[in-house]
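As provided, input-v6.cif (mmCIF, N, CA and C atoms) reads as follows.
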data_work
loop_
_atom_site.label_atom_id
_atom_site.label_comp_id
_atom_site.auth_asym_id
_atom_site.auth_seq_id
_atom_site.Cartn_x
_atom_site.Cartn_y
_atom_site.Cartn_z
N MET A 5 178.59 -97.50 74.44
CA MET A 5 177.32 -98.10 74.12
C MET A 5 177.42 -99.59 74.41
N ASN A 6 176.48 -100.08 75.15
CA ASN A 6 176.51 -101.50 75.45
C ASN A 6 175.51 -102.26 74.59
N SER A 7 175.44 -103.52 74.81
CA SER A 7 174.61 -104.40 74.00
C SER A 7 173.14 -104.09 74.17
N LYS A 8 172.73 -103.71 75.37
CA LYS A 8 171.33 -103.37 75.61
C LYS A 8 170.96 -102.09 74.84
N ASP A 9 171.85 -101.14 74.82
CA ASP A 9 171.60 -99.90 74.08
C ASP A 9 171.46 -100.18 72.58
N ILE A 10 172.30 -101.06 72.10
CA ILE A 10 172.25 -101.43 70.68
C ILE A 10 170.93 -102.12 70.37
N GLU A 11 170.49 -103.01 71.24
CA GLU A 11 169.22 -103.71 71.04
C GLU A 11 168.06 -102.71 71.05
N GLU A 12 168.09 -101.75 71.96
CA GLU A 12 167.04 -100.72 72.01
C GLU A 12 167.04 -99.88 70.73
N CYS A 13 168.22 -99.58 70.28
CA CYS A 13 168.36 -98.82 69.02
C CYS A 13 167.77 -99.59 67.85
N ILE A 14 168.11 -100.87 67.81
CA ILE A 14 167.60 -101.73 66.73
C ILE A 14 166.08 -101.84 66.84
N LYS A 15 165.59 -102.00 68.05
CA LYS A 15 164.14 -102.12 68.25
C LYS A 15 163.43 -100.83 67.82
N SER A 16 163.99 -99.69 68.21
CA SER A 16 163.39 -98.41 67.82
C SER A 16 163.42 -98.23 66.31
N LEU A 17 164.54 -98.57 65.74
CA LEU A 17 164.66 -98.47 64.29
C LEU A 17 163.66 -99.38 63.59
N GLN A 18 163.49 -100.60 64.10
CA GLN A 18 162.55 -101.55 63.51
C GLN A 18 161.12 -101.02 63.64
N GLU A 19 160.79 -100.45 64.77
CA GLU A 19 159.45 -99.88 64.96
C GLU A 19 159.21 -98.73 63.99
N TYR A 20 160.22 -97.90 63.82
CA TYR A 20 160.11 -96.78 62.87
C TYR A 20 159.90 -97.30 61.45
N ILE A 21 160.71 -98.28 61.08
CA ILE A 21 160.60 -98.87 59.74
C ILE A 21 159.23 -99.52 59.55
N ASP A 22 158.76 -100.24 60.56
CA ASP A 22 157.44 -100.88 60.46
C ASP A 22 156.33 -99.84 60.31
N THR A 23 156.41 -98.77 61.11
CA THR A 23 155.40 -97.72 61.04
C THR A 23 155.41 -97.04 59.67
N LYS A 24 156.59 -96.67 59.22
CA LYS A 24 156.70 -96.02 57.91
C LYS A 24 156.27 -96.96 56.79
N SER A 25 156.61 -98.22 56.90
CA SER A 25 156.22 -99.19 55.86
C SER A 25 154.71 -99.27 55.76
N VAL A 26 154.04 -99.35 56.88
CA VAL A 26 152.58 -99.40 56.88
C VAL A 26 152.02 -98.12 56.26
N GLN A 27 152.61 -96.99 56.61
CA GLN A 27 152.17 -95.71 56.06
C GLN A 27 152.37 -95.68 54.55
N TRP A 28 153.53 -96.09 54.09
CA TRP A 28 153.82 -96.08 52.66
C TRP A 28 152.93 -97.05 51.90
N ILE A 29 152.71 -98.22 52.48
CA ILE A 29 151.84 -99.21 51.84
C ILE A 29 150.42 -98.65 51.74
N SER A 30 149.97 -97.99 52.79
CA SER A 30 148.64 -97.39 52.78
C SER A 30 148.52 -96.32 51.71
N GLU A 31 149.52 -95.45 51.64
CA GLU A 31 149.51 -94.39 50.62
C GLU A 31 149.55 -94.99 49.22
N PHE A 32 150.37 -96.00 49.04
CA PHE A 32 150.47 -96.65 47.74
C PHE A 32 149.14 -97.29 47.36
N SER A 33 148.49 -97.94 48.32
CA SER A 33 147.18 -98.56 48.06
C SER A 33 146.14 -97.53 47.68
N GLU A 34 146.16 -96.38 48.37
CA GLU A 34 145.23 -95.30 48.03
C GLU A 34 145.46 -94.81 46.60
N LYS A 35 146.72 -94.66 46.22
CA LYS A 35 147.03 -94.21 44.87
C LYS A 35 146.58 -95.24 43.84
N ILE A 36 146.76 -96.51 44.15
CA ILE A 36 146.31 -97.56 43.23
C ILE A 36 144.79 -97.49 43.06
N ARG A 37 144.06 -97.34 44.16
CA ARG A 37 142.59 -97.26 44.07
C ARG A 37 142.17 -96.01 43.27
N TYR A 38 142.85 -94.90 43.51
CA TYR A 38 142.54 -93.67 42.76
C TYR A 38 142.80 -93.88 41.27
N ASN A 39 143.94 -94.47 40.94
CA ASN A 39 144.28 -94.70 39.53
C ASN A 39 143.30 -95.66 38.88
N GLU A 40 142.87 -96.69 39.60
CA GLU A 40 141.88 -97.62 39.05
C GLU A 40 140.56 -96.90 38.78
N THR A 41 140.15 -96.06 39.72
CA THR A 41 138.91 -95.29 39.53
C THR A 41 139.04 -94.37 38.33
N LEU A 42 140.17 -93.68 38.25
CA LEU A 42 140.42 -92.78 37.12
C LEU A 42 140.43 -93.54 35.80
N LEU A 43 141.07 -94.68 35.77
CA LEU A 43 141.12 -95.51 34.56
C LEU A 43 139.72 -95.96 34.15
N ASN A 44 138.91 -96.36 35.12
CA ASN A 44 137.53 -96.76 34.81
C ASN A 44 136.74 -95.59 34.24
N GLN A 45 136.92 -94.39 34.80
CA GLN A 45 136.22 -93.21 34.28
C GLN A 45 136.67 -92.92 32.85
N ILE A 46 137.96 -93.03 32.60
CA ILE A 46 138.47 -92.78 31.25
C ILE A 46 137.90 -93.81 30.28
N ASN A 47 137.88 -95.08 30.68
CA ASN A 47 137.33 -96.13 29.81
C ASN A 47 135.85 -95.91 29.53
N GLU A 48 135.11 -95.38 30.50
CA GLU A 48 133.69 -95.11 30.30
C GLU A 48 133.48 -93.88 29.41
N THR A 49 134.38 -92.92 29.52
CA THR A 49 134.23 -91.66 28.77
C THR A 49 134.71 -91.79 27.34
N PHE A 50 135.84 -92.45 27.15
CA PHE A 50 136.45 -92.53 25.83
C PHE A 50 136.41 -93.96 25.32
N HIS A 51 136.04 -94.09 24.06
CA HIS A 51 136.03 -95.41 23.43
C HIS A 51 137.43 -95.71 22.90
N VAL A 52 138.00 -96.76 23.42
CA VAL A 52 139.35 -97.15 23.00
C VAL A 52 139.21 -98.21 21.90
N MET A 53 139.82 -97.94 20.76
CA MET A 53 139.72 -98.87 19.63
C MET A 53 140.76 -99.98 19.75
N ASN A 54 140.37 -101.15 19.29
CA ASN A 54 141.35 -102.24 19.28
C ASN A 54 142.26 -102.09 18.06
N ASN A 55 143.29 -102.90 18.00
CA ASN A 55 144.30 -102.75 16.94
C ASN A 55 143.72 -102.98 15.55
N ASP A 56 142.79 -103.93 15.41
CA ASP A 56 142.19 -104.18 14.09
C ASP A 56 141.43 -102.94 13.60
N THR A 57 140.66 -102.34 14.49
CA THR A 57 139.91 -101.14 14.12
C THR A 57 140.86 -100.00 13.77
N LEU A 58 141.91 -99.83 14.57
CA LEU A 58 142.88 -98.77 14.28
C LEU A 58 143.55 -99.01 12.93
N SER A 59 143.83 -100.26 12.63
CA SER A 59 144.46 -100.59 11.34
C SER A 59 143.52 -100.25 10.18
N ARG A 60 142.24 -100.57 10.33
CA ARG A 60 141.27 -100.24 9.28
C ARG A 60 141.12 -98.74 9.11
N VAL A 61 141.11 -98.02 10.23
CA VAL A 61 141.02 -96.55 10.16
C VAL A 61 142.23 -95.98 9.44
N GLU A 62 143.41 -96.49 9.74
CA GLU A 62 144.63 -96.01 9.08
C GLU A 62 144.59 -96.32 7.59
N THR A 63 144.10 -97.50 7.21
CA THR A 63 143.98 -97.86 5.80
C THR A 63 143.03 -96.90 5.09
N LEU A 64 141.89 -96.62 5.72
CA LEU A 64 140.94 -95.67 5.14
C LEU A 64 141.54 -94.28 5.02
N ARG A 65 142.26 -93.86 6.05
CA ARG A 65 142.89 -92.54 6.01
C ARG A 65 143.87 -92.44 4.85
N GLN A 66 144.67 -93.48 4.67
CA GLN A 66 145.64 -93.46 3.57
C GLN A 66 144.92 -93.43 2.22
N ARG A 67 143.84 -94.21 2.11
CA ARG A 67 143.09 -94.22 0.85
C ARG A 67 142.49 -92.84 0.58
N TYR A 68 141.89 -92.23 1.60
CA TYR A 68 141.30 -90.91 1.42
C TYR A 68 142.35 -89.85 1.12
N MET A 69 143.53 -89.98 1.71
CA MET A 69 144.60 -89.03 1.41
C MET A 69 145.02 -89.17 -0.05
N GLY A 70 145.07 -90.40 -0.56
CA GLY A 70 145.38 -90.62 -1.97
C GLY A 70 144.32 -89.99 -2.86
N GLN A 71 143.06 -90.18 -2.50
CA GLN A 71 141.97 -89.60 -3.27
C GLN A 71 142.03 -88.08 -3.22
N LEU A 72 142.34 -87.55 -2.06
CA LEU A 72 142.45 -86.10 -1.92
C LEU A 72 143.56 -85.55 -2.81
N ASN A 73 144.69 -86.25 -2.85
CA ASN A 73 145.80 -85.83 -3.72
C ASN A 73 145.37 -85.85 -5.19
N ASP A 74 144.63 -86.90 -5.58
CA ASP A 74 144.13 -86.98 -6.96
C ASP A 74 143.22 -85.79 -7.27
N ILE A 75 142.33 -85.46 -6.35
CA ILE A 75 141.41 -84.34 -6.54
C ILE A 75 142.18 -83.03 -6.66
N GLU A 76 143.19 -82.86 -5.79
CA GLU A 76 143.99 -81.63 -5.86
C GLU A 76 144.70 -81.51 -7.21
N GLN A 77 145.22 -82.62 -7.74
CA GLN A 77 145.86 -82.59 -9.05
C GLN A 77 144.86 -82.24 -10.14
N ARG A 78 143.67 -82.79 -10.06
CA ARG A 78 142.64 -82.48 -11.05
C ARG A 78 142.25 -81.00 -10.98
N ILE A 79 142.16 -80.48 -9.78
CA ILE A 79 141.82 -79.05 -9.61
C ILE A 79 142.90 -78.19 -10.26
N GLU A 80 144.17 -78.54 -10.02
CA GLU A 80 145.27 -77.77 -10.63
C GLU A 80 145.19 -77.83 -12.15
N GLU A 81 144.87 -79.01 -12.69
CA GLU A 81 144.73 -79.14 -14.14
C GLU A 81 143.58 -78.28 -14.65
N MET A 82 142.46 -78.29 -13.92
CA MET A 82 141.30 -77.48 -14.32
C MET A 82 141.63 -75.99 -14.26
N GLU A 83 142.39 -75.58 -13.24
CA GLU A 83 142.78 -74.17 -13.14
C GLU A 83 143.65 -73.77 -14.33
N LYS A 84 144.54 -74.66 -14.74
CA LYS A 84 145.37 -74.37 -15.91
C LYS A 84 144.51 -74.26 -17.16
N LEU A 85 143.54 -75.17 -17.30
CA LEU A 85 142.64 -75.10 -18.44
C LEU A 85 141.84 -73.80 -18.44
N CYS A 86 141.39 -73.38 -17.25
CA CYS A 86 140.65 -72.12 -17.15
C CYS A 86 141.53 -70.95 -17.57
N ASP A 87 142.79 -70.98 -17.14
CA ASP A 87 143.72 -69.91 -17.54
C ASP A 87 143.88 -69.89 -19.06
N GLU A 88 144.02 -71.07 -19.65
CA GLU A 88 144.16 -71.16 -21.11
C GLU A 88 142.90 -70.66 -21.81
N LEU A 89 141.72 -71.03 -21.26
CA LEU A 89 140.47 -70.56 -21.85
C LEU A 89 140.34 -69.05 -21.75
N GLU A 90 140.77 -68.48 -20.63
CA GLU A 90 140.74 -67.02 -20.49
C GLU A 90 141.65 -66.37 -21.53
N ASP A 91 142.84 -66.96 -21.73
CA ASP A 91 143.75 -66.43 -22.75
C ASP A 91 143.11 -66.50 -24.13
N ILE A 92 142.49 -67.63 -24.44
CA ILE A 92 141.82 -67.79 -25.74
C ILE A 92 140.68 -66.77 -25.87
N HIS A 93 139.93 -66.60 -24.79
CA HIS A 93 138.83 -65.64 -24.80
C HIS A 93 139.35 -64.22 -25.07
N ASP A 94 140.45 -63.88 -24.40
CA ASP A 94 141.04 -62.55 -24.60
C ASP A 94 141.49 -62.38 -26.05
N GLU A 95 142.09 -63.43 -26.62
CA GLU A 95 142.54 -63.36 -28.02
C GLU A 95 141.35 -63.20 -28.96
N ILE A 96 140.28 -63.91 -28.68
CA ILE A 96 139.08 -63.80 -29.52
C ILE A 96 138.51 -62.39 -29.44
N GLU A 97 138.47 -61.82 -28.25
CA GLU A 97 137.96 -60.45 -28.10
C GLU A 97 138.82 -59.46 -28.88
N VAL A 98 140.13 -59.65 -28.80
CA VAL A 98 141.03 -58.77 -29.55
C VAL A 98 140.76 -58.93 -31.04
N ASN A 99 140.65 -60.18 -31.53
CA ASN A 99 140.39 -60.43 -32.96
C ASN A 99 139.05 -59.83 -33.38
N ILE A 100 138.05 -59.93 -32.53
CA ILE A 100 136.73 -59.36 -32.87
C ILE A 100 136.85 -57.84 -33.01
N LYS A 101 137.54 -57.22 -32.06
CA LYS A 101 137.71 -55.77 -32.09
C LYS A 101 138.50 -55.34 -33.32
N LEU A 102 139.52 -56.12 -33.68
CA LEU A 102 140.31 -55.80 -34.85
C LEU A 102 139.50 -55.97 -36.13
N ASN A 103 138.67 -56.98 -36.16
CA ASN A 103 137.86 -57.25 -37.36
C ASN A 103 136.74 -56.22 -37.49
N GLN A 104 136.31 -55.63 -36.40
CA GLN A 104 135.25 -54.62 -36.44
C GLN A 104 135.77 -53.29 -36.96
N LYS A 105 137.04 -53.06 -36.95
CA LYS A 105 137.61 -51.79 -37.39
C LYS A 105 137.75 -51.74 -38.83
#
Represent the supplied structure as structure tokens.
Amino acid sequence: MNSKDIEECIKSLQEYIDTKSVQWISEFSEKIRYNETLLNQINETFHVMNNDTLSRVETLRQRYMGQLNDIEQRIEEMEKLCDELEDIHDEIEVNIKLNQK
């Protein structure tokens, strides 16, 4: 291989690299434009909350979860009271039946 062959090889390689680079840059640019379009559609379709709003929502969620837990505890207490009242009612019925005899 002589110097002219090496230069031709380098020139061919450079042309190939230039062609592929342009192709890759073009494909990359197309993907960027597609992603920008997609991002714009997503932003138009979905409302993205800022951090302050998200923080307030989380605070409200925590408060409501606390209230829900309180309500669940009260319900459990009421269920226990109902069970006790049923027991008392049953005892009263038994006493009434015994007293009627």
| field | Distance of atom C of Ile100 (chain A) from atom C of Lys84 (chain A), expressed in Å to one decimal place | value |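 Going from atom C of Lys84 (chain A) over to atom C of Ile100 (chain A), I get 24.1 Å.
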| request: Find the distance between CA of Thr23 (chain A) and atom C of Glu11 (chain A) and write it in Å to one decimal. | output: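 Calculated distance between CA of Thr23 (chain A) and atom C of Glu11 (chain A) is 16.9 Å.
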| note | What separates CA of Glu31 (chain A) and CA of Leu43 (chain A) is a distance of 18.2 Å
| field | Which of region 37-67 of chain A DSSP labels helix (DSSP H, G or I), written as a ChimeraX atom specification | value | /A:37-49,55-67
